[in-house]
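Notes to accompany the following structure.
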Amino acid sequence: MNRRPEEAVPPRSLARLRPPPTFFQPVSALSEKEAGAELAWLAREIARHDYLYYVLARPEISDADYDALVRRNRALEARFPHLQRPDSPSLRVGAPPAEEFVKVRHTVPMFTLDNAMSEGELRDWVDRVRRLLRLDASEPLVFAGEPKIDGLSCSIRYENGLLVRAATRGDGFTGEDVTANVRTIREIPQRLLTDRPPPVIEIRGEVYMNRSAFLELNERRRASGEPLFANPRNAAAGSLRQLDSRITAQRPLRFFVWGWGEADPPITGSYLAFLETARSWGLPVNPLVRRLASVEELVAYHDDLEHRRAELDYDIDGVVDKLDDIALQERLGFVQRVPRWAIAHKFDPEKAWTVLRDIVVQVGRTGALTPVAMLDPVTVGGVVVRRATLHNEDYIRERDIRIGDTVVVQRAGDVIPQVLAVVQEKRPADARSWQPPERCPVCGSLAVRPPDEAIRRCTGGLFCPAQAVERIVHFVSRHAFDIPGLSDKQVRQLFEAGIIRDPVDLFRIPRDAAKREAIRQLPRWGEKKLANLVAAIEARRHLPLDRFIYALGIRHIGEVNARSLARHFGSFARWRTAMERLGAGDAKAREEIQDIEGVGPVIAESLAEFFAEPRNRSLVDALAAEVEIEPVAAPQVAGPSPLAGKTVVFTGELAHMSREEAKAVAESLGAKVADSVSRRTDFVVVGERPGSKYRKAVELGVRILSEDEWYQLAGRP
Ligand SMILES: [Zn+2]
């Protein structure tokens, strides 16, 4: 647990008392009177150890010895149930579930703080306080500054030192009785550690959960399939407001005092002195509370804590500044339930400061390598953030972000959290700068960054596990291998089951009995569906070169470029040889490719990167062994073709050709295929259910061809 070095020394009533002589006798040998005396001693002794352990973090006895005390207490209570004390340690483990929460009226309403969202608003508040108190700027004014704990306000009533009732804030006037729940919070004493307790004191403060405990709790809930809490505050609220306080007892709730309600005798003097008294009673007081004597100190205190948020294991969303002098507080009073003598100086809700512990690289579905900051957990925008994007390597270099730096993290709305900047003053001597990886951290392929791009990419797209699903989905898509019956979901399913790791595996399914059996075992796969898939795969063992190139999903290679390449090289063998040379860095090969019309240097570079990776080369060859790749003829632009130089537009569905095939045929005959009809359109080919292009063609008087007329003109099928 966290130590609180600034905690005061234990008060005198924490002194150890000798155990009664009966302590060493069996429970059955004790008289009622002896049992009562021993229960009184046990309540005090166990409370003392709770305080030493939970508040001071200085245990005096082992867990086993502590458990022995608790067991002895339970055994005595089992024999003499009517002797159970109101401060019995047994109450710490929770009571049987309640039907509902009983309403509790606060004798003194619980107040609401006004907020200062900026330094300017804080200064306005201080000016107003001075004006109302008729103090000029030269007169001293003392404030207490304390962290604003992001938890649940709670009021705990002690009568003659004994905890009698605890209530939530509710609407400020009426709350809910959570006495049984609050008793389970070990650092809240059931009896104040003082020999002279006040007749009545209502302690007010914040119930909260440490961030580390929240993360552990969520981890356990994830493992058991329970819904997760959004943040430590929600976890604390959900844990405190439990009808079954035995559940509360299992949740590591904590408490800090920040005030009082009803008090007899009244609290007078200084707020900071009150906190010292509360501390001496065994109540947890935040060690970061400070005495502040000027606006400058208030601002510095706010800024310091804002920058140290992540160092604290609990969430704070600002600081609370209060006038320290209780007499002055009373002079200023309240407007509605808002005290004029206190203000919550909030932090920027979307930003937080934390330490960047490491930079890891994430590989996206498209192969983009994104550096991600691993952070000390910090709550920002209501969510615990442990990772934030660093966008790309230039972003890191331009901001000189190093491992070990304190950084500003922003989370606005639902946008992915990002690292905004480095806090230079907080850079430790051993901060390390970061180098982008040369290889993909997922598959080990070369990771390259084209000169004009910000993003580094993995070149192992076809087998890199981070990208494989996306690539296989592309591979089987309609304009590539066109294997119907394989949706994105099914590709993912087959991939995750280990049946397909890359596109070559698809072609192994028809002859691999083990793969087929594995598919049969998958949910939503029957014999018929499998047979259809096998048939669809077999039907694609013949494929034109352009579609083959397109299917590889090489960056920048769309259908048009794939067609240009296929036409230029004609056959797979010629293309493959050129790619081998390109991948090996052959300048002549690169020149040849760059010079192909519509290709250019960007595509040449992309192809070079792809074929520089040996696993891509062997994958292409393995694919070529599975399918027959048909040559593609170069277009015959010259000659007698009636389509040469003409602009053609297709609309509607053709009965005998896909739109892509029709386009390819038209282009091979020297025509230009356009997407929309204009006055320069020569022909509009109209299939079934034509769209608006048909009407436009009629309007403009463009020549309209039926599907049959089109085949006559094109000379096929
Ligand atoms: Zn990779």
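Ordering of the structure tokens sets the chain letters (A, B, ...), residue numbers begin anew at 1 in every chain, and ligands are numbered from 1 in the order given.
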Each residue of chain A lying at most 12 Å from ligand 1 should get a row with its shortest atom-to-atom pair and the distance in Å to one decimal, counting only C-alpha atoms and all ligand atoms; could you produce that, ordered by chain and increasing number, as JSON lines?
{"residue": "A:Val361", "atom": "CA", "partner": "ligand 1", "partner_atom_place_in_ligand_line": "1 (Zn)", "distance": 10.9}
{"residue": "A:Gln362", "atom": "CA", "partner": "ligand 1", "partner_atom_place_in_ligand_line": "1 (Zn)", "distance": 9.8}
{"residue": "A:Val363", "atom": "CA", "partner": "ligand 1", "partner_atom_place_in_ligand_line": "1 (Zn)", "distance": 6.9}
{"residue": "A:Gly364", "atom": "CA", "partner": "ligand 1", "partner_atom_place_in_ligand_line": "1 (Zn)", "distance": 9.1}
{"residue": "A:Arg365", "atom": "CA", "partner": "ligand 1", "partner_atom_place_in_ligand_line": "1 (Zn)", "distance": 9.7}
{"residue": "A:Thr366", "atom": "CA", "partner": "ligand 1", "partner_atom_place_in_ligand_line": "1 (Zn)", "distance": 9.7}
{"residue": "A:Gly367", "atom": "CA", "partner": "ligand 1", "partner_atom_place_in_ligand_line": "1 (Zn)", "distance": 6.5}
{"residue": "A:Ala368", "atom": "CA", "partner": "ligand 1", "partner_atom_place_in_ligand_line": "1 (Zn)", "distance": 9.1}
{"residue": "A:Leu369", "atom": "CA", "partner": "ligand 1", "partner_atom_place_in_ligand_line": "1 (Zn)", "distance": 8.8}
{"residue": "A:Pro437", "atom": "CA", "partner": "ligand 1", "partner_atom_place_in_ligand_line": "1 (Zn)", "distance": 11.4}
{"residue": "A:Glu438", "atom": "CA", "partner": "ligand 1", "partner_atom_place_in_ligand_line": "1 (Zn)", "distance": 11.1}
{"residue": "A:Arg439", "atom": "CA", "partner": "ligand 1", "partner_atom_place_in_ligand_line": "1 (Zn)", "distance": 7.7}
{"residue": "A:Cys440", "atom": "CA", "partner": "ligand 1", "partner_atom_place_in_ligand_line": "1 (Zn)", "distance": 4.5}
{"residue": "A:Pro441", "atom": "CA", "partner": "ligand 1", "partner_atom_place_in_ligand_line": "1 (Zn)", "distance": 6.5}
{"residue": "A:Val442", "atom": "CA", "partner": "ligand 1", "partner_atom_place_in_ligand_line": "1 (Zn)", "distance": 4.9}
{"residue": "A:Cys443", "atom": "CA", "partner": "ligand 1", "partner_atom_place_in_ligand_line": "1 (Zn)", "distance": 4.1}
{"residue": "A:Gly444", "atom": "CA", "partner": "ligand 1", "partner_atom_place_in_ligand_line": "1 (Zn)", "distance": 6.0}
{"residue": "A:Ser445", "atom": "CA", "partner": "ligand 1", "partner_atom_place_in_ligand_line": "1 (Zn)", "distance": 5.5}
{"residue": "A:Leu446", "atom": "CA", "partner": "ligand 1", "partner_atom_place_in_ligand_line": "1 (Zn)", "distance": 7.9}
{"residue": "A:Ala447", "atom": "CA", "partner": "ligand 1", "partner_atom_place_in_ligand_line": "1 (Zn)", "distance": 7.6}
{"residue": "A:Val448", "atom": "CA", "partner": "ligand 1", "partner_atom_place_in_ligand_line": "1 (Zn)", "distance": 10.8}
{"residue": "A:Arg456", "atom": "CA", "partner": "ligand 1", "partner_atom_place_in_ligand_line": "1 (Zn)", "distance": 11.1}
{"residue": "A:Arg457", "atom": "CA", "partner": "ligand 1", "partner_atom_place_in_ligand_line": "1 (Zn)", "distance": 8.1}
{"residue": "A:Cys458", "atom": "CA", "partner": "ligand 1", "partner_atom_place_in_ligand_line": "1 (Zn)", "distance": 4.7}
{"residue": "A:Thr459", "atom": "CA", "partner": "ligand 1", "partner_atom_place_in_ligand_line": "1 (Zn)", "distance": 6.6}
{"residue": "A:Gly460", "atom": "CA", "partner": "ligand 1", "partner_atom_place_in_ligand_line": "1 (Zn)", "distance": 5.1}
{"residue": "A:Gly461", "atom": "CA", "partner": "ligand 1", "partner_atom_place_in_ligand_line": "1 (Zn)", "distance": 6.4}
{"residue": "A:Leu462", "atom": "CA", "partner": "ligand 1", "partner_atom_place_in_ligand_line": "1 (Zn)", "distance": 8.9}
{"residue": "A:Phe463", "atom": "CA", "partner": "ligand 1", "partner_atom_place_in_ligand_line": "1 (Zn)", "distance": 7.6}
{"residue": "A:Cys464", "atom": "CA", "partner": "ligand 1", "partner_atom_place_in_ligand_line": "1 (Zn)", "distance": 4.2}
{"residue": "A:Pro465", "atom": "CA", "partner": "ligand 1", "partner_atom_place_in_ligand_line": "1 (Zn)", "distance": 6.8}
{"residue": "A:Ala466", "atom": "CA", "partner": "ligand 1", "partner_atom_place_in_ligand_line": "1 (Zn)", "distance": 6.3}
{"residue": "A:Gln467", "atom": "CA", "partner": "ligand 1", "partner_atom_place_in_ligand_line": "1 (Zn)", "distance": 7.1}
{"residue": "A:Ala468", "atom": "CA", "partner": "ligand 1", "partner_atom_place_in_ligand_line": "1 (Zn)", "distance": 9.0}
{"residue": "A:Arg471", "atom": "CA", "partner": "ligand 1", "partner_atom_place_in_ligand_line": "1 (Zn)", "distance": 11.9}
{"residue": "A:Glu613", "atom": "CA", "partner": "ligand 1", "partner_atom_place_in_ligand_line": "1 (Zn)", "distance": 11.1}
{"residue": "A:Arg615", "atom": "CA", "partner": "ligand 1", "partner_atom_place_in_ligand_line": "1 (Zn)", "distance": 11.3}
{"residue": "A:Asn616", "atom": "CA", "partner": "ligand 1", "partner_atom_place_in_ligand_line": "1 (Zn)", "distance": 11.5}
task: Please give the complete set of residues from range 115-201 of chain A that DSSP, run on the backbone, assigns to helix (DSSP H, G or I), formatted as a list in words.
output: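 Filtering range 115-201 of chain A to helix (DSSP H, G or I) leaves Glu119, Gly120, Glu121, Leu122, Arg123, Asp124, Trp125, Val126, Asp127, Arg128, Val129, Arg130, Arg131, Leu132, Thr179, Ala180, Asn181, Val182 and Arg183 of chain A.
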With N, CA and C atoms kept, could you save the residues just selected as a CSV table (one decimal), in the first residue's frame?
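Result saved to part-v1.csv:
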chain,number,residue,atom,x,y,z
A,119,GLU,N,-7.1,30.5,-14.1
A,119,GLU,CA,-6.4,31.3,-13.1
A,119,GLU,C,-7.2,32.6,-12.9
A,120,GLY,N,-7.8,33.2,-14.0
A,120,GLY,CA,-8.5,34.4,-13.9
A,120,GLY,C,-9.7,34.3,-13.0
A,121,GLU,N,-10.4,33.2,-13.1
A,121,GLU,CA,-11.6,33.0,-12.3
A,121,GLU,C,-11.2,32.8,-10.8
A,122,LEU,N,-10.0,32.2,-10.6
A,122,LEU,CA,-9.5,32.1,-9.2
A,122,LEU,C,-9.2,33.4,-8.6
A,123,ARG,N,-8.5,34.3,-9.4
A,123,ARG,CA,-8.2,35.6,-8.9
A,123,ARG,C,-9.4,36.4,-8.6
A,124,ASP,N,-10.5,36.3,-9.5
A,124,ASP,CA,-11.7,37.0,-9.2
A,124,ASP,C,-12.3,36.5,-7.9
A,125,TRP,N,-12.2,35.2,-7.6
A,125,TRP,CA,-12.7,34.7,-6.3
A,125,TRP,C,-12.0,35.3,-5.1
A,126,VAL,N,-10.7,35.4,-5.2
A,126,VAL,CA,-9.9,36.0,-4.1
A,126,VAL,C,-10.2,37.4,-4.0
A,127,ASP,N,-10.4,38.2,-5.1
A,127,ASP,CA,-10.7,39.6,-5.0
A,127,ASP,C,-12.1,39.7,-4.3
A,128,ARG,N,-13.0,38.9,-4.7
A,128,ARG,CA,-14.4,39.0,-4.1
A,128,ARG,C,-14.3,38.7,-2.6
A,129,VAL,N,-13.5,37.7,-2.2
A,129,VAL,CA,-13.4,37.4,-0.8
A,129,VAL,C,-12.9,38.6,0.0
A,130,ARG,N,-11.8,39.2,-0.6
A,130,ARG,CA,-11.2,40.4,0.1
A,130,ARG,C,-12.3,41.5,0.2
A,131,ARG,N,-13.0,41.7,-0.9
A,131,ARG,CA,-14.0,42.8,-1.0
A,131,ARG,C,-15.1,42.6,0.1
A,132,LEU,N,-15.6,41.3,0.2
A,132,LEU,CA,-16.6,41.0,1.1
A,132,LEU,C,-16.2,41.2,2.5
A,179,THR,N,-24.2,3.1,6.4
A,179,THR,CA,-23.4,2.8,7.6
A,179,THR,C,-22.7,1.5,7.5
A,180,ALA,N,-23.5,0.4,7.2
A,180,ALA,CA,-22.8,-0.9,7.1
A,180,ALA,C,-21.7,-0.9,6.1
A,181,ASN,N,-21.9,-0.2,5.0
A,181,ASN,CA,-20.9,-0.2,3.9
A,181,ASN,C,-19.6,0.6,4.4
A,182,VAL,N,-19.9,1.7,5.1
A,182,VAL,CA,-18.7,2.6,5.5
A,182,VAL,C,-17.9,1.9,6.6
A,183,ARG,N,-18.6,1.1,7.4
A,183,ARG,CA,-17.9,0.3,8.4
A,183,ARG,C,-16.8,-0.6,7.8
- line: Closest of A:Pro266, A:Asp195, A:Ala137, A:Leu240 to Ala167 in chain A, counting only C-alpha atoms, is A:Leu240
query: Near Val93 in chain A, within 12 Å and counting only C-alpha atoms, which residues show up once chain neighbours fewer than 5 positions away are dropped, as an MDAnalysis selection string?
result: chainID A and resid 70 74 88 180:186 244:252
Since we have the selection now, will you write its residues out, keeping N, CA, C and O atoms, as an mmCIF file, in the first residue's frame?
data_model
loop_
_atom_site.group_PDB
_atom_site.id
_atom_site.type_symbol
_atom_site.label_atom_id
_atom_site.label_comp_id
_atom_site.auth_asym_id
_atom_site.auth_seq_id
_atom_site.Cartn_x
_atom_site.Cartn_y
_atom_site.Cartn_z
ATOM 1 N N VAL A 70 -8.841 -11.403 15.134
ATOM 2 C CA VAL A 70 -10.177 -11.319 14.530
ATOM 3 C C VAL A 70 -10.960 -12.608 14.812
ATOM 4 O O VAL A 70 -12.154 -12.573 15.129
ATOM 5 N N ARG A 74 -14.469 -13.155 16.870
ATOM 6 C CA ARG A 74 -15.632 -13.808 16.270
ATOM 7 C C ARG A 74 -16.118 -14.956 17.162
ATOM 8 O O ARG A 74 -17.316 -15.149 17.362
ATOM 9 N N SER A 88 -17.812 -3.281 16.977
ATOM 10 C CA SER A 88 -17.225 -4.613 16.813
ATOM 11 C C SER A 88 -16.432 -4.734 15.512
ATOM 12 O O SER A 88 -16.902 -4.318 14.450
ATOM 13 N N ALA A 180 -23.467 0.436 7.161
ATOM 14 C CA ALA A 180 -22.850 -0.896 7.115
ATOM 15 C C ALA A 180 -21.721 -0.916 6.092
ATOM 16 O O ALA A 180 -20.695 -1.572 6.293
ATOM 17 N N ASN A 181 -21.900 -0.183 4.990
ATOM 18 C CA ASN A 181 -20.883 -0.161 3.941
ATOM 19 C C ASN A 181 -19.638 0.591 4.400
ATOM 20 O O ASN A 181 -18.514 0.157 4.169
ATOM 21 N N VAL A 182 -19.868 1.738 5.057
ATOM 22 C CA VAL A 182 -18.730 2.560 5.477
ATOM 23 C C VAL A 182 -17.931 1.853 6.571
ATOM 24 O O VAL A 182 -16.716 1.992 6.648
ATOM 25 N N ARG A 183 -18.610 1.052 7.383
ATOM 26 C CA ARG A 183 -17.880 0.301 8.417
ATOM 27 C C ARG A 183 -16.837 -0.631 7.810
ATOM 28 O O ARG A 183 -15.878 -1.007 8.471
ATOM 29 N N THR A 184 -17.049 -1.032 6.556
ATOM 30 C CA THR A 184 -16.097 -1.969 5.942
ATOM 31 C C THR A 184 -14.836 -1.264 5.441
ATOM 32 O O THR A 184 -13.896 -1.920 5.022
ATOM 33 N N ILE A 185 -14.843 0.077 5.450
ATOM 34 C CA ILE A 185 -13.647 0.809 5.003
ATOM 35 C C ILE A 185 -12.698 0.863 6.187
ATOM 36 O O ILE A 185 -12.920 1.591 7.150
ATOM 37 N N ARG A 186 -11.636 0.062 6.119
ATOM 38 C CA ARG A 186 -10.810 -0.184 7.296
ATOM 39 C C ARG A 186 -10.135 1.055 7.837
ATOM 40 O O ARG A 186 -9.796 1.120 9.007
ATOM 41 N N ASP A 244 -25.763 -5.013 -0.444
ATOM 42 C CA ASP A 244 -25.043 -6.061 0.279
ATOM 43 C C ASP A 244 -23.661 -5.533 0.651
ATOM 44 O O ASP A 244 -22.749 -5.497 -0.174
ATOM 45 N N SER A 245 -23.524 -5.116 1.909
ATOM 46 C CA SER A 245 -22.266 -4.485 2.326
ATOM 47 C C SER A 245 -21.117 -5.488 2.354
ATOM 48 O O SER A 245 -19.959 -5.098 2.435
ATOM 49 N N ARG A 246 -21.432 -6.793 2.254
ATOM 50 C CA ARG A 246 -20.338 -7.769 2.201
ATOM 51 C C ARG A 246 -19.566 -7.635 0.890
ATOM 52 O O ARG A 246 -18.387 -7.955 0.807
ATOM 53 N N ILE A 247 -20.270 -7.139 -0.148
ATOM 54 C CA ILE A 247 -19.573 -6.868 -1.416
ATOM 55 C C ILE A 247 -18.678 -5.642 -1.243
ATOM 56 O O ILE A 247 -17.523 -5.632 -1.646
ATOM 57 N N THR A 248 -19.237 -4.609 -0.575
ATOM 58 C CA THR A 248 -18.428 -3.414 -0.311
ATOM 59 C C THR A 248 -17.139 -3.794 0.417
ATOM 60 O O THR A 248 -16.065 -3.267 0.127
ATOM 61 N N ALA A 249 -17.270 -4.740 1.360
ATOM 62 C CA ALA A 249 -16.111 -5.121 2.178
ATOM 63 C C ALA A 249 -14.982 -5.681 1.325
ATOM 64 O O ALA A 249 -13.814 -5.607 1.698
ATOM 65 N N GLN A 250 -15.338 -6.234 0.157
ATOM 66 C CA GLN A 250 -14.294 -6.809 -0.705
ATOM 67 C C GLN A 250 -13.676 -5.769 -1.630
ATOM 68 O O GLN A 250 -12.743 -6.066 -2.356
ATOM 69 N N ARG A 251 -14.234 -4.571 -1.634
ATOM 70 C CA ARG A 251 -13.716 -3.530 -2.519
ATOM 71 C C ARG A 251 -12.809 -2.609 -1.717
ATOM 72 O O ARG A 251 -13.190 -2.152 -0.637
ATOM 73 N N PRO A 252 -11.630 -2.326 -2.243
ATOM 74 C CA PRO A 252 -10.655 -1.547 -1.464
ATOM 75 C C PRO A 252 -10.971 -0.050 -1.476
ATOM 76 O O PRO A 252 -10.288 0.734 -2.115
#
- prompt: Excluding same-chain residues fewer than 5 positions from Asp675 in chain A, what lies within 12 Å of it counting only C-alpha atoms, as a ChimeraX atom specification?
  reply: /A:647-651,659,663,681,684-685,692-693
Save out the residues we just selected, C-alpha atoms, as a PDB file, in the first residue's frame.
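File produced: result.pdb:
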ATOM      1  CA  THR A 647     -15.200   7.166 -75.602  1.00  0.00           C
ATOM      2  CA  VAL A 648     -17.584   4.524 -74.265  1.00  0.00           C
ATOM      3  CA  VAL A 649     -19.855   4.584 -71.223  1.00  0.00           C
ATOM      4  CA  PHE A 650     -21.544   1.485 -69.769  1.00  0.00           C
ATOM      5  CA  THR A 651     -24.816   1.541 -67.881  1.00  0.00           C
ATOM      6  CA  ARG A 659     -18.649  -4.514 -66.159  1.00  0.00           C
ATOM      7  CA  LYS A 663     -14.239  -2.315 -69.758  1.00  0.00           C
ATOM      8  CA  THR A 681     -19.229  10.419 -75.318  1.00  0.00           C
ATOM      9  CA  VAL A 684     -23.434   4.422 -74.363  1.00  0.00           C
ATOM     10  CA  VAL A 685     -23.777   0.654 -73.963  1.00  0.00           C
ATOM     11  CA  SER A 692     -29.502   7.875 -65.149  1.00  0.00           C
ATOM     12  CA  LYS A 693     -26.683   7.656 -67.681  1.00  0.00           C
TER      13      LYS A 693
END
query: Which value, in Å to one decimal, gives the distance between CA of Lys588 in chain A and CA of Pro601 in chain A?
result: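 Pair CA of Lys588 in chain A / CA of Pro601 in chain A returns 12.8 Å.
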field: Nearby residues (only C-alpha atoms) at most 9 Å from Leu215 in chain A, same-chain spacing under 6 positions excluded, as a list in words
entry: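 Everything that qualifies: Asn231, Pro232 and Val384 of chain A.
Considering only C-alpha atoms, the residue among A:Gln712, A:Ile343, A:Asp400, A:Glu496 positioned nearest to Asp114 in chain A is A:Ile343.
For range 196-209 of chain A, the non-local neighbours within 6 Å, defined as residues at least 4 positions apart in the same chain or in other chains and counting only C-alpha atoms, are Gly151, Leu152, Ser153, Cys154, Ser155, Ile156, Arg157, Tyr158, Glu159, Asn160, Gly161, Pro232, Ala236, Leu253, Arg254, Phe255, Phe256, Val257, Trp258, Gly259, Trp260, Gly261, Glu262, Ala263 and Asp264 of chain A.
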Using N, CA, C and O atoms, can you write the selected residues to a file as a CSV table (one decimal), in the first residue's frame?
chain,number,residue,atom,x,y,z
A,151,GLY,N,-14.2,11.4,-6.0
A,151,GLY,CA,-14.9,10.2,-5.4
A,151,GLY,C,-16.3,10.6,-5.1
A,151,GLY,O,-17.0,11.3,-5.8
A,152,LEU,N,-16.8,10.0,-3.9
A,152,LEU,CA,-18.2,10.3,-3.5
A,152,LEU,C,-18.1,10.9,-2.1
A,152,LEU,O,-17.5,10.4,-1.2
A,153,SER,N,-18.9,12.0,-2.0
A,153,SER,CA,-18.9,12.7,-0.7
A,153,SER,C,-19.8,11.8,0.3
A,153,SER,O,-20.7,11.2,-0.1
A,154,CYS,N,-19.3,11.9,1.5
A,154,CYS,CA,-20.0,11.0,2.5
A,154,CYS,C,-19.9,11.7,3.9
A,154,CYS,O,-19.0,12.5,4.1
A,155,SER,N,-20.9,11.6,4.7
A,155,SER,CA,-21.0,12.2,6.0
A,155,SER,C,-21.0,11.1,7.1
A,155,SER,O,-21.9,10.2,7.0
A,156,ILE,N,-20.1,11.1,8.0
A,156,ILE,CA,-20.0,10.0,9.0
A,156,ILE,C,-20.2,10.6,10.4
A,156,ILE,O,-19.4,11.4,10.8
A,157,ARG,N,-21.2,10.1,11.1
A,157,ARG,CA,-21.6,10.7,12.3
A,157,ARG,C,-21.0,9.9,13.5
A,157,ARG,O,-21.2,8.7,13.6
A,158,TYR,N,-20.3,10.6,14.4
A,158,TYR,CA,-19.7,10.0,15.6
A,158,TYR,C,-20.4,10.6,16.8
A,158,TYR,O,-20.5,11.8,16.9
A,159,GLU,N,-20.9,9.7,17.7
A,159,GLU,CA,-21.5,10.2,18.9
A,159,GLU,C,-20.7,9.7,20.1
A,159,GLU,O,-20.5,8.5,20.2
A,160,ASN,N,-20.1,10.6,20.9
A,160,ASN,CA,-19.2,10.2,21.9
A,160,ASN,C,-18.1,9.3,21.4
A,160,ASN,O,-17.7,8.3,22.0
A,161,GLY,N,-17.6,9.6,20.2
A,161,GLY,CA,-16.5,8.9,19.6
A,161,GLY,C,-16.9,7.6,18.9
A,161,GLY,O,-16.0,7.0,18.2
A,232,PRO,N,-12.2,5.0,-11.7
A,232,PRO,CA,-12.2,4.7,-10.3
A,232,PRO,C,-13.4,5.3,-9.6
A,232,PRO,O,-13.9,4.8,-8.6
A,236,ALA,N,-15.9,3.3,-7.2
A,236,ALA,CA,-16.1,3.6,-5.8
A,236,ALA,C,-17.6,3.8,-5.5
A,236,ALA,O,-18.1,3.3,-4.5
A,253,LEU,N,-12.0,0.3,-0.7
A,253,LEU,CA,-12.4,1.8,-0.7
A,253,LEU,C,-11.5,2.5,0.3
A,253,LEU,O,-11.0,1.9,1.3
A,254,ARG,N,-11.3,3.8,0.0
A,254,ARG,CA,-10.5,4.6,0.9
A,254,ARG,C,-11.3,5.9,1.2
A,254,ARG,O,-12.4,6.1,0.7
A,255,PHE,N,-10.7,6.7,2.1
A,255,PHE,CA,-11.4,7.9,2.5
A,255,PHE,C,-10.4,9.0,2.9
A,255,PHE,O,-9.3,8.8,3.4
A,256,PHE,N,-10.8,10.3,2.5
A,256,PHE,CA,-10.1,11.5,3.0
A,256,PHE,C,-11.1,12.4,3.6
A,256,PHE,O,-12.1,12.7,3.0
A,257,VAL,N,-10.7,13.0,4.7
A,257,VAL,CA,-11.6,14.0,5.4
A,257,VAL,C,-11.4,15.4,4.7
A,257,VAL,O,-10.3,15.7,4.3
A,258,TRP,N,-12.5,16.1,4.5
A,258,TRP,CA,-12.4,17.5,4.0
A,258,TRP,C,-13.3,18.5,4.7
A,258,TRP,O,-13.4,19.6,4.4
A,259,GLY,N,-14.0,18.0,5.8
A,259,GLY,CA,-14.8,19.0,6.5
A,259,GLY,C,-15.7,18.3,7.6
A,259,GLY,O,-15.4,17.2,8.0
A,260,TRP,N,-16.7,19.0,8.0
A,260,TRP,CA,-17.6,18.5,9.1
A,260,TRP,C,-19.0,19.0,8.8
A,260,TRP,O,-19.2,20.0,8.1
A,261,GLY,N,-20.0,18.4,9.4
A,261,GLY,CA,-21.3,18.8,9.4
A,261,GLY,C,-21.7,19.3,10.8
A,261,GLY,O,-21.2,20.3,11.3
A,262,GLU,N,-22.7,18.6,11.4
A,262,GLU,CA,-23.0,18.9,12.8
A,262,GLU,C,-21.8,18.7,13.7
A,262,GLU,O,-21.1,17.7,13.6
A,263,ALA,N,-21.6,19.6,14.6
A,263,ALA,CA,-20.5,19.4,15.6
A,263,ALA,C,-20.9,20.0,16.9
A,263,ALA,O,-21.3,21.1,17.0
A,264,ASP,N,-20.7,19.2,17.9
A,264,ASP,CA,-20.9,19.7,19.3
A,264,ASP,C,-19.7,19.2,20.1
A,264,ASP,O,-19.6,18.0,20.3
query: From the list A:Arg211, A:Arg387, A:Lys346, A:Arg679, which residue is nearest Arg233 in chain A when using only C-alpha atoms?
result: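 Of A:Arg211, A:Arg387, A:Lys346, A:Arg679, the one nearest Arg233 in chain A, counting only C-alpha atoms, is A:Arg211.
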- prompt: Lys426 in chain A: which residues within 9 Å, counting only C-alpha atoms, same-chain residues fewer than 6 positions away excluded, as a PyMOL selection string?
  reply: chain A and resi 405-407
task: Figure out the distance between CA of Ala454 in chain A and CA of Ile401 in chain A, please, to one decimal in Å.
output: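 For CA of Ile401 in chain A relative to CA of Ala454 in chain A, the distance reads 16.7 Å.
The residues of range 132-164 of chain A that DSSP assigns to strand (DSSP E or B) on this backbone come out as Phe143, Ala144, Gly145, Glu146, Pro147, Lys148, Ile149, Leu152, Ser153, Cys154, Ser155, Ile156, Arg157, Tyr158, Glu159, Leu162, Leu163 and Val164 of chain A.
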message: I'd like to know which of A:Val295, A:Ile603, A:Leu135, A:Val289 is closest to Val560 in chain A, using only C-alpha atoms.
response: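 Using only C-alpha atoms, Val560 in chain A sits closest to A:Ile603.
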Using only C-alpha atoms: which of A:Leu133, A:Val102, A:Ala300, A:Ala644 has the shortest distance to Leu332 in chain A: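 Comparing A:Leu133, A:Val102, A:Ala300, A:Ala644 against Leu332 in chain A, the winner is A:Leu133.
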task: Kindly indicate which residue among A:Val473, A:Glu100, A:His479, A:Pro20 lies nearest to Val491 in chain A, using only C-alpha atoms for the distances.
output: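 Under the stated criterion, the closest residue is A:Val473.
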